[in-house]
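The file input_15.pdb comes next; it holds PDB, C-alpha atoms.
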```
ATOM      1  CA  MET A 365     114.278 116.935 107.977  1.00  0.00           C
ATOM      2  CA  ASP A 366     112.064 119.627 106.513  1.00  0.00           C
ATOM      3  CA  PHE A 367     110.601 119.077 103.044  1.00  0.00           C
ATOM      4  CA  ARG A 368     108.040 121.901 103.252  1.00  0.00           C
ATOM      5  CA  GLY A 369     107.821 123.921 100.055  1.00  0.00           C
ATOM      6  CA  ARG A 370     109.556 121.248  97.992  1.00  0.00           C
ATOM      7  CA  ASP A 371     108.073 118.960  95.371  1.00  0.00           C
ATOM      8  CA  LEU A 372     109.119 115.334  95.393  1.00  0.00           C
ATOM      9  CA  LEU A 373     108.819 114.263  91.774  1.00  0.00           C
ATOM     10  CA  GLY A 374     111.999 112.237  91.648  1.00  0.00           C
ATOM     11  CA  ILE A 375     115.225 111.650  93.547  1.00  0.00           C
ATOM     12  CA  ALA A 376     117.675 113.511  91.298  1.00  0.00           C
ATOM     13  CA  ASP A 377     117.552 116.648  93.481  1.00  0.00           C
ATOM     14  CA  LEU A 378     117.800 114.789  96.804  1.00  0.00           C
ATOM     15  CA  SER A 379     120.963 114.272  98.806  1.00  0.00           C
ATOM     16  CA  ALA A 380     121.951 110.813 100.020  1.00  0.00           C
ATOM     17  CA  THR A 381     120.965 111.895 103.547  1.00  0.00           C
ATOM     18  CA  GLU A 382     117.485 112.940 102.374  1.00  0.00           C
ATOM     19  CA  ILE A 383     116.977 109.661 100.512  1.00  0.00           C
ATOM     20  CA  ARG A 384     118.040 107.673 103.593  1.00  0.00           C
ATOM     21  CA  TYR A 385     115.647 109.738 105.746  1.00  0.00           C
ATOM     22  CA  ILE A 386     112.743 108.900 103.416  1.00  0.00           C
ATOM     23  CA  LEU A 387     113.644 105.199 103.318  1.00  0.00           C
ATOM     24  CA  ASP A 388     113.963 105.101 107.117  1.00  0.00           C
ATOM     25  CA  SER A 389     110.373 106.398 107.406  1.00  0.00           C
ATOM     26  CA  VAL A 390     108.940 103.361 105.562  1.00  0.00           C
ATOM     27  CA  PRO A 391     108.425 100.895 108.486  1.00  0.00           C
ATOM     28  CA  PRO A 392     105.607 102.855 110.211  1.00  0.00           C
ATOM     29  CA  PHE A 393     103.786 103.254 106.878  1.00  0.00           C
ATOM     30  CA  LYS A 394     104.224  99.550 106.132  1.00  0.00           C
ATOM     31  CA  GLU A 395     102.823  98.646 109.544  1.00  0.00           C
ATOM     32  CA  VAL A 396      99.717 100.792 108.956  1.00  0.00           C
ATOM     33  CA  SER A 397      99.214  99.371 105.449  1.00  0.00           C
ATOM     34  CA  GLU A 398      99.201  95.822 106.830  1.00  0.00           C
ATOM     35  CA  ARG A 399      96.548  96.517 109.483  1.00  0.00           C
ATOM     36  CA  GLU A 400      92.943  95.487 108.986  1.00  0.00           C
ATOM     37  CA  ILE A 401      91.884  99.081 109.737  1.00  0.00           C
ATOM     38  CA  LYS A 402      94.284 101.431 107.961  1.00  0.00           C
ATOM     39  CA  LYS A 403      93.636 104.612 109.945  1.00  0.00           C
ATOM     40  CA  VAL A 404      95.852 106.873 112.026  1.00  0.00           C
ATOM     41  CA  PRO A 405      94.619 109.784 114.193  1.00  0.00           C
ATOM     42  CA  THR A 406      96.707 112.493 112.510  1.00  0.00           C
ATOM     43  CA  LEU A 407      93.732 114.600 111.304  1.00  0.00           C
ATOM     44  CA  ARG A 408      91.083 113.466 113.803  1.00  0.00           C
ATOM     45  CA  GLY A 409      88.638 116.323 114.415  1.00  0.00           C
ATOM     46  CA  LYS A 410      89.657 118.140 111.215  1.00  0.00           C
ATOM     47  CA  THR A 411      87.625 118.565 108.046  1.00  0.00           C
ATOM     48  CA  ILE A 412      89.154 118.401 104.581  1.00  0.00           C
ATOM     49  CA  VAL A 413      87.248 120.117 101.763  1.00  0.00           C
ATOM     50  CA  ASN A 414      88.064 118.956  98.235  1.00  0.00           C
ATOM     51  CA  LEU A 415      87.014 121.180  95.328  1.00  0.00           C
ATOM     52  CA  PHE A 416      87.319 119.754  91.830  1.00  0.00           C
ATOM     53  CA  PHE A 417      86.432 121.875  88.802  1.00  0.00           C
ATOM     54  CA  GLU A 418      86.692 118.873  86.486  1.00  0.00           C
ATOM     55  CA  PRO A 419      85.007 115.526  87.084  1.00  0.00           C
ATOM     56  CA  SER A 420      87.855 113.249  88.142  1.00  0.00           C
ATOM     57  CA  THR A 421      86.621 110.215  90.009  1.00  0.00           C
ATOM     58  CA  ARG A 422      90.060 108.644  90.428  1.00  0.00           C
ATOM     59  CA  THR A 423      91.660 111.814  91.836  1.00  0.00           C
ATOM     60  CA  ARG A 424      88.686 112.616  94.075  1.00  0.00           C
ATOM     61  CA  THR A 425      88.617 109.072  95.405  1.00  0.00           C
ATOM     62  CA  SER A 426      92.383 109.087  96.059  1.00  0.00           C
ATOM     63  CA  PHE A 427      92.204 112.382  97.978  1.00  0.00           C
ATOM     64  CA  GLU A 428      89.150 111.234  99.922  1.00  0.00           C
ATOM     65  CA  LEU A 429      90.754 107.906 100.841  1.00  0.00           C
ATOM     66  CA  ALA A 430      93.971 109.603 101.981  1.00  0.00           C
ATOM     67  CA  ALA A 431      92.095 112.066 104.212  1.00  0.00           C
ATOM     68  CA  THR A 432      89.872 109.310 105.601  1.00  0.00           C
ATOM     69  CA  ARG A 433      92.888 107.152 106.455  1.00  0.00           C
ATOM     70  CA  LEU A 434      94.249 110.129 108.394  1.00  0.00           C
ATOM     71  CA  SER A 435      90.903 110.202 110.305  1.00  0.00           C
ATOM     72  CA  ALA A 436      89.661 113.463 108.752  1.00  0.00           C
ATOM     73  CA  ASP A 437      86.076 114.223 107.822  1.00  0.00           C
ATOM     74  CA  VAL A 438      85.793 114.865 104.075  1.00  0.00           C
ATOM     75  CA  ILE A 439      83.526 117.156 102.063  1.00  0.00           C
ATOM     76  CA  ASN A 440      83.709 116.942  98.269  1.00  0.00           C
ATOM     77  CA  PHE A 441      82.560 119.687  95.908  1.00  0.00           C
ATOM     78  CA  THR A 442      82.564 119.454  92.140  1.00  0.00           C
ATOM     79  CA  GLY A 443      82.607 122.793  90.343  1.00  0.00           C
ATOM     80  CA  SER A 444      80.486 121.518  87.465  1.00  0.00           C
ATOM     81  CA  THR A 445      77.578 120.642  89.793  1.00  0.00           C
ATOM     82  CA  SER A 446      77.677 123.633  92.134  1.00  0.00           C
ATOM     83  CA  SER A 447      75.234 126.463  91.496  1.00  0.00           C
ATOM     84  CA  THR A 448      77.495 129.000  93.260  1.00  0.00           C
ATOM     85  CA  LEU A 449      80.568 128.671  91.046  1.00  0.00           C
TER      86      LEU A 449
END
```

Can you give me the file's structure in the form of structure tokens?
Amino acid sequence: MDFRGRDLLGIADLSATEIRYILDSVPPFKEVSEREIKKVPTLRGKTIVNLFFEPSTRTRTSFELAATRLSADVINFTGSTSSTL
């Protein structure tokens, strides 16, 4: 099932088949969340660059944690502290 280009903000616009597809994808995520080390190799060898123009520790931390759990290297920039922006 291809969800590219779609926002998932609720289930009102999803078909029953799409909802079932999402629910059927839960077991692998549950298994990873119960491991001692919660990493998968999806983005191994890739670098994610986060650029935040507003200081937002919670958002930055969430993005950084998600990328790290996918095995990516993470670089964070904050627009308010960069001399080039």

Please report the interatomic distance between CA of Glu428 in chain A and CA of Val413 in chain A in Å with one decimal.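 About the pair CA of Glu428 in chain A and CA of Val413 in chain A: they are 9.3 Å apart.
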
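The nearest approach to Arg399 in chain A among the residues A:Leu373, A:Gly443, A:Asn414, A:Arg433, with only C-alpha atoms taken into account, belongs to A:Arg433.
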
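Computed from the coordinates, the CA of Ser435 in chain A to CA of Ser397 in chain A distance equals 14.5 Å.
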
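Interatomic distance, CA of Asp366 in chain A to CA of Leu387 in chain A: 14.9 Å.
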
Quick one: residues within 12 Å of Val404 in chain A, all atoms listed in the file counted, chain neighbours fewer than 6 positions away excluded, as an NGL selection string? :A and (392-393 or 395-397 or 430-436)

Residues within 12 Å of Ser420 in chain A, please, as a PDB file with C-alpha atoms, in the coordinates of the input. Count all atoms listed in the file; anything in the same chain fewer than 6 positions from it doesn't count.
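Dumped to out_21.pdb:
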```
ATOM      1  CA  ASN A 414      88.064 118.956  98.235  1.00  0.00           C
ATOM      2  CA  SER A 426      92.383 109.087  96.059  1.00  0.00           C
ATOM      3  CA  PHE A 427      92.204 112.382  97.978  1.00  0.00           C
ATOM      4  CA  ASN A 440      83.709 116.942  98.269  1.00  0.00           C
ATOM      5  CA  PHE A 441      82.560 119.687  95.908  1.00  0.00           C
ATOM      6  CA  THR A 442      82.564 119.454  92.140  1.00  0.00           C
ATOM      7  CA  GLY A 443      82.607 122.793  90.343  1.00  0.00           C
ATOM      8  CA  SER A 444      80.486 121.518  87.465  1.00  0.00           C
TER       9      SER A 444
END
```

Residue with smallest distance to Thr425 in chain A - pool A:Ile439, A:Glu400, A:Arg370, A:Asp388, counting only C-alpha atoms: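 Once distances to Thr425 in chain A are computed over only C-alpha atoms, the minimum belongs to A:Ile439.
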
Could you tell me which residues the PyMOL selection byres ((chain A and resi 367) around 12) returns for this structure, as a PyMOL selection string? chain A and resi 365-366+368-372+378+382-383+385-386
